[in-house]
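Data block below; observations after.
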Amino acid sequence: MPTRSANAEWQGDFKRGGGTVSVESGSFTGQQYNFSGRFESGPGTNPEELLAAAHAACFAMALSVGLTQAGNPPESLAADAKATIEQVGEGFEITRIDLTVRGRVPGLDDDGFKQAAQGAKEGCPLSKALAAVKEITLDASLES
């Protein structure tokens, strides 16, 4: 199995400094990140946004696998993830991740879809890696 990598560089102090982040595949390189982009409404990306993107992608793939293996391959899945960071004590923690998925899956009812989505939420590798997050919610429904 492959090992994936990314890199980040930082210059300066916490509030006035900044850095860049890139991924091995080259799908994005030199993306800026800084204090204002993470804790305010400033420009640039941030670790929580990247984590949310990775979790949404992993979850959607896991759901597709589960649905296909159960004989109901999806026409489409649209997954979103929102990662919340909060100050806890002296530091910061990602306190919750909210997953939302809408799917088009011929031959499957809403209850079956919700059950498959719950299985994907519990089984996707990023959900497992994020077990320290206090709450990961799920809102799943079929589109007509």
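Numbering starts fresh at 1 for the residues of each chain in the structure tokens, the chains themselves are lettered A, B, ... in the order given, and ligands are numbered from 1 as they appear.
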
- [ ] Tell me which protein, DNA and RNA residues are within 12 Å of Ala53 (chain A), counting only C-alpha atoms, leaving out same-chain ones fewer than 2 positions away, and put them as JSON, numbers by chain.
- [x] {"A": [45, 46, 47, 48, 49, 50, 51, 55, 56, 57, 58, 59, 60, 79, 80, 81, 82, 83, 97, 98, 99, 126]}

- [ ] Please identify which residues in chain A DSSP calls alpha helix (DSSP H) from the backbone, and express them as a PyMOL selection string.
- [x] chain A and resi 35-39+47-69+110-123+125-129

TODO: Excluding region 28-33 of chain A and any residue of its chain fewer than 2 positions from it, enumerate the residues within 7 Å of it, using only C-alpha atoms, and give them as a VMD selection string.
DONE: chain A and resid 18 to 23 26 37 44 to 46

Can you spit out the residues from that selection as an mmCIF file, in the first residue's frame, using N, CA and C atoms?
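Saved to again.cif:
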data_model
loop_
_atom_site.group_PDB
_atom_site.id
_atom_site.type_symbol
_atom_site.label_atom_id
_atom_site.label_comp_id
_atom_site.auth_asym_id
_atom_site.auth_seq_id
_atom_site.Cartn_x
_atom_site.Cartn_y
_atom_site.Cartn_z
ATOM 1 N N GLY A 18 3.715 33.115 8.524
ATOM 2 C CA GLY A 18 2.904 32.381 7.571
ATOM 3 C C GLY A 18 3.729 31.312 6.905
ATOM 4 N N GLY A 19 3.042 30.527 6.120
ATOM 5 C CA GLY A 19 3.734 29.445 5.456
ATOM 6 C C GLY A 19 3.020 28.988 4.215
ATOM 7 N N THR A 20 3.553 27.914 3.661
ATOM 8 C CA THR A 20 2.950 27.291 2.493
ATOM 9 C C THR A 20 2.849 25.794 2.733
ATOM 10 N N VAL A 21 1.875 25.209 2.087
ATOM 11 C CA VAL A 21 1.668 23.770 2.172
ATOM 12 C C VAL A 21 1.483 23.234 0.755
ATOM 13 N N SER A 22 2.044 22.059 0.509
ATOM 14 C CA SER A 22 1.963 21.423 -0.802
ATOM 15 C C SER A 22 1.735 19.926 -0.612
ATOM 16 N N VAL A 23 1.171 19.303 -1.624
ATOM 17 C CA VAL A 23 0.972 17.858 -1.570
ATOM 18 C C VAL A 23 1.792 17.170 -2.649
ATOM 19 N N GLY A 26 1.004 17.085 -6.421
ATOM 20 C CA GLY A 26 1.070 18.327 -7.176
ATOM 21 C C GLY A 26 -0.295 18.943 -7.426
ATOM 22 N N GLY A 37 -6.001 33.083 8.425
ATOM 23 C CA GLY A 37 -6.748 32.111 7.639
ATOM 24 C C GLY A 37 -7.262 30.951 8.463
ATOM 25 N N GLY A 44 -6.183 32.215 2.475
ATOM 26 C CA GLY A 44 -5.329 31.032 2.599
ATOM 27 C C GLY A 44 -6.088 29.834 3.120
ATOM 28 N N THR A 45 -5.416 28.724 3.069
ATOM 29 C CA THR A 45 -6.007 27.490 3.564
ATOM 30 C C THR A 45 -5.649 27.321 5.032
ATOM 31 N N ASN A 46 -6.050 26.207 5.609
ATOM 32 C CA ASN A 46 -5.723 25.919 7.009
ATOM 33 C C ASN A 46 -5.831 24.419 7.230
#

TODO: Would you list, as an NGL selection string, the residues of chain A that end up in strand (DSSP E or B) under DSSP run on this structure's backbone?
DONE: :A and (6-11 or 18-23 or 31-34 or 45 or 76-88 or 91-104 or 135-142)

- [ ] For Val105 (chain A), please output as a list in words all residues within 6 Å (counting only C-alpha atoms; exclusion window: fewer than 2 positions along the same chain).
- [x] Pro74, Glu75 and Leu108 of chain A

Kindly save the residues from that selection, with N, CA and C atoms included, as a PDB file, in the first residue's frame.
ATOM      1  N   PRO A  74     -23.733   3.487  -6.415  1.00  0.00           N
ATOM      2  CA  PRO A  74     -24.350   4.812  -6.486  1.00  0.00           C
ATOM      3  C   PRO A  74     -24.195   5.452  -7.864  1.00  0.00           C
ATOM      4  N   GLU A  75     -25.190   6.247  -8.246  1.00  0.00           N
ATOM      5  CA  GLU A  75     -25.032   7.112  -9.412  1.00  0.00           C
ATOM      6  C   GLU A  75     -24.159   8.288  -9.036  1.00  0.00           C
ATOM      7  N   LEU A 108     -32.395   1.694  -3.726  1.00  0.00           N
ATOM      8  CA  LEU A 108     -32.136   1.735  -2.287  1.00  0.00           C
ATOM      9  C   LEU A 108     -33.057   2.766  -1.648  1.00  0.00           C
TER      10      LEU A 108
END

Open item on the list: Give me, as an MDAnalysis selection string, all polymer residues having an atom no more than 9 Å from Lys134 (chain A), counting only C-alpha atoms and skipping those fewer than 4 positions away in the same chain.
Closed with: chainID A and resid 94:97

With N, CA, C and O atoms retained, could you export that selection as an mmCIF file, in the first residue's frame?
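For reference, part-v2.cif as written:
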data_model
loop_
_atom_site.group_PDB
_atom_site.id
_atom_site.type_symbol
_atom_site.label_atom_id
_atom_site.label_comp_id
_atom_site.auth_asym_id
_atom_site.auth_seq_id
_atom_site.Cartn_x
_atom_site.Cartn_y
_atom_site.Cartn_z
ATOM 1 N N ILE A 94 -9.649 19.962 17.685
ATOM 2 C CA ILE A 94 -10.753 19.785 16.745
ATOM 3 C C ILE A 94 -11.826 19.068 17.552
ATOM 4 O O ILE A 94 -11.637 17.918 17.961
ATOM 5 N N THR A 95 -12.914 19.785 17.824
ATOM 6 C CA THR A 95 -13.923 19.271 18.742
ATOM 7 C C THR A 95 -15.062 18.544 18.050
ATOM 8 O O THR A 95 -15.772 17.774 18.688
ATOM 9 N N ARG A 96 -15.239 18.790 16.760
ATOM 10 C CA ARG A 96 -16.305 18.076 16.052
ATOM 11 C C ARG A 96 -16.072 18.129 14.552
ATOM 12 O O ARG A 96 -15.429 19.038 14.042
ATOM 13 N N ILE A 97 -16.623 17.136 13.908
ATOM 14 C CA ILE A 97 -16.653 17.094 12.454
ATOM 15 C C ILE A 97 -18.071 16.729 12.071
ATOM 16 O O ILE A 97 -18.634 15.747 12.587
#

Task: Residue nearest Asp139 (chain A) among A:Phe14, A:Phe39, A:Phe92, A:Phe113 (counting only C-alpha atoms) - done: A:Phe113

- [ ] Would you list the contacts of Asp111 (chain A) as a list in words, taking every protein, DNA or RNA residue within 10 Å and counting only C-alpha atoms, but skipping same-chain residues closer than 5 positions in sequence?
- [x] Ala116, Ala117, Ala140, Ser141 and Leu142 of chain A

Based on the selection just made, write all heavy atoms of those residues as a short mmCIF file (atom, residue, chain, number, x, y, z; two decimals), in the first residue's frame.
data_model
loop_
_atom_site.label_atom_id
_atom_site.label_comp_id
_atom_site.auth_asym_id
_atom_site.auth_seq_id
_atom_site.Cartn_x
_atom_site.Cartn_y
_atom_site.Cartn_z
N ALA A 116 -25.99 2.44 5.31
CA ALA A 116 -24.73 2.32 4.58
C ALA A 116 -23.81 3.51 4.91
O ALA A 116 -22.60 3.33 5.09
CB ALA A 116 -24.99 2.26 3.07
N ALA A 117 -24.39 4.70 5.02
CA ALA A 117 -23.59 5.89 5.34
C ALA A 117 -23.01 5.78 6.74
O ALA A 117 -21.85 6.15 6.97
CB ALA A 117 -24.45 7.15 5.21
N ALA A 140 -27.36 12.05 6.47
CA ALA A 140 -27.37 11.35 5.19
C ALA A 140 -28.79 11.25 4.65
O ALA A 140 -29.72 10.93 5.39
CB ALA A 140 -26.80 9.93 5.36
N SER A 141 -28.97 11.53 3.36
CA SER A 141 -30.27 11.35 2.74
C SER A 141 -30.11 11.15 1.24
O SER A 141 -29.14 11.59 0.63
CB SER A 141 -31.20 12.53 3.04
OG SER A 141 -30.67 13.71 2.50
N LEU A 142 -31.11 10.48 0.68
CA LEU A 142 -31.15 10.24 -0.75
C LEU A 142 -31.79 11.42 -1.46
O LEU A 142 -32.67 12.08 -0.89
CB LEU A 142 -31.96 8.98 -1.06
CG LEU A 142 -31.31 7.65 -0.73
CD1 LEU A 142 -32.31 6.53 -0.92
CD2 LEU A 142 -30.08 7.42 -1.59
#

I'd like the neighbourhood of Gly103 (chain A) as a CSV table (one decimal) with all heavy atoms, in the first residue's frame, where a residue qualifies if any of its atoms comes within 6 Å (using only C-alpha atoms), though same-chain residues fewer than 4 positions away should be ignored.
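Contents of selection.csv, freshly written:
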chain,number,residue,atom,x,y,z
A,76,SER,N,-24.4,8.8,-7.8
A,76,SER,CA,-23.6,10.0,-7.4
A,76,SER,C,-23.7,10.1,-5.9
A,76,SER,O,-24.7,9.7,-5.3
A,76,SER,CB,-24.1,11.3,-8.0
A,76,SER,OG,-25.4,11.6,-7.6
A,77,LEU,N,-22.6,10.6,-5.3
A,77,LEU,CA,-22.6,10.9,-3.9
A,77,LEU,C,-21.9,12.3,-3.7
A,77,LEU,O,-20.9,12.6,-4.4
A,77,LEU,CB,-21.7,9.9,-3.1
A,77,LEU,CG,-22.2,8.5,-3.2
A,77,LEU,CD1,-21.1,7.6,-2.6
A,77,LEU,CD2,-23.5,8.3,-2.4
A,142,LEU,N,-31.1,10.5,0.7
A,142,LEU,CA,-31.2,10.2,-0.7
A,142,LEU,C,-31.8,11.4,-1.5
A,142,LEU,O,-32.7,12.1,-0.9
A,142,LEU,CB,-32.0,9.0,-1.1
A,142,LEU,CG,-31.3,7.7,-0.7
A,142,LEU,CD1,-32.3,6.5,-0.9
A,142,LEU,CD2,-30.1,7.4,-1.6
A,143,GLU,N,-31.4,11.7,-2.7
A,143,GLU,CA,-32.0,12.7,-3.5
A,143,GLU,C,-32.9,11.9,-4.5
A,143,GLU,O,-32.6,10.8,-4.9
A,143,GLU,CB,-31.0,13.5,-4.3
A,143,GLU,CG,-30.1,14.3,-3.4
A,143,GLU,CD,-29.1,15.1,-4.2
A,143,GLU,OE1,-28.7,14.7,-5.3
A,143,GLU,OE2,-28.6,16.1,-3.7

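Nearest-residue note for Gln118 (chain A): choosing from A:Ala62, A:Leu130, A:Ala78, A:Ala54, the minimum distance belongs to A:Ala62, counting only C-alpha atoms.
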
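Comparing A:Gly119, A:Gly89, A:Gly17, A:Pro2 by their smallest distance to Gly66 (chain A), the closest is A:Gly119 (using only C-alpha atoms).
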
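Of the listed residues (A:Ser5, A:Asn34, A:Gln115, A:Ser27), A:Gln115 comes nearest to Leu67 (chain A); the distances count only C-alpha atoms.
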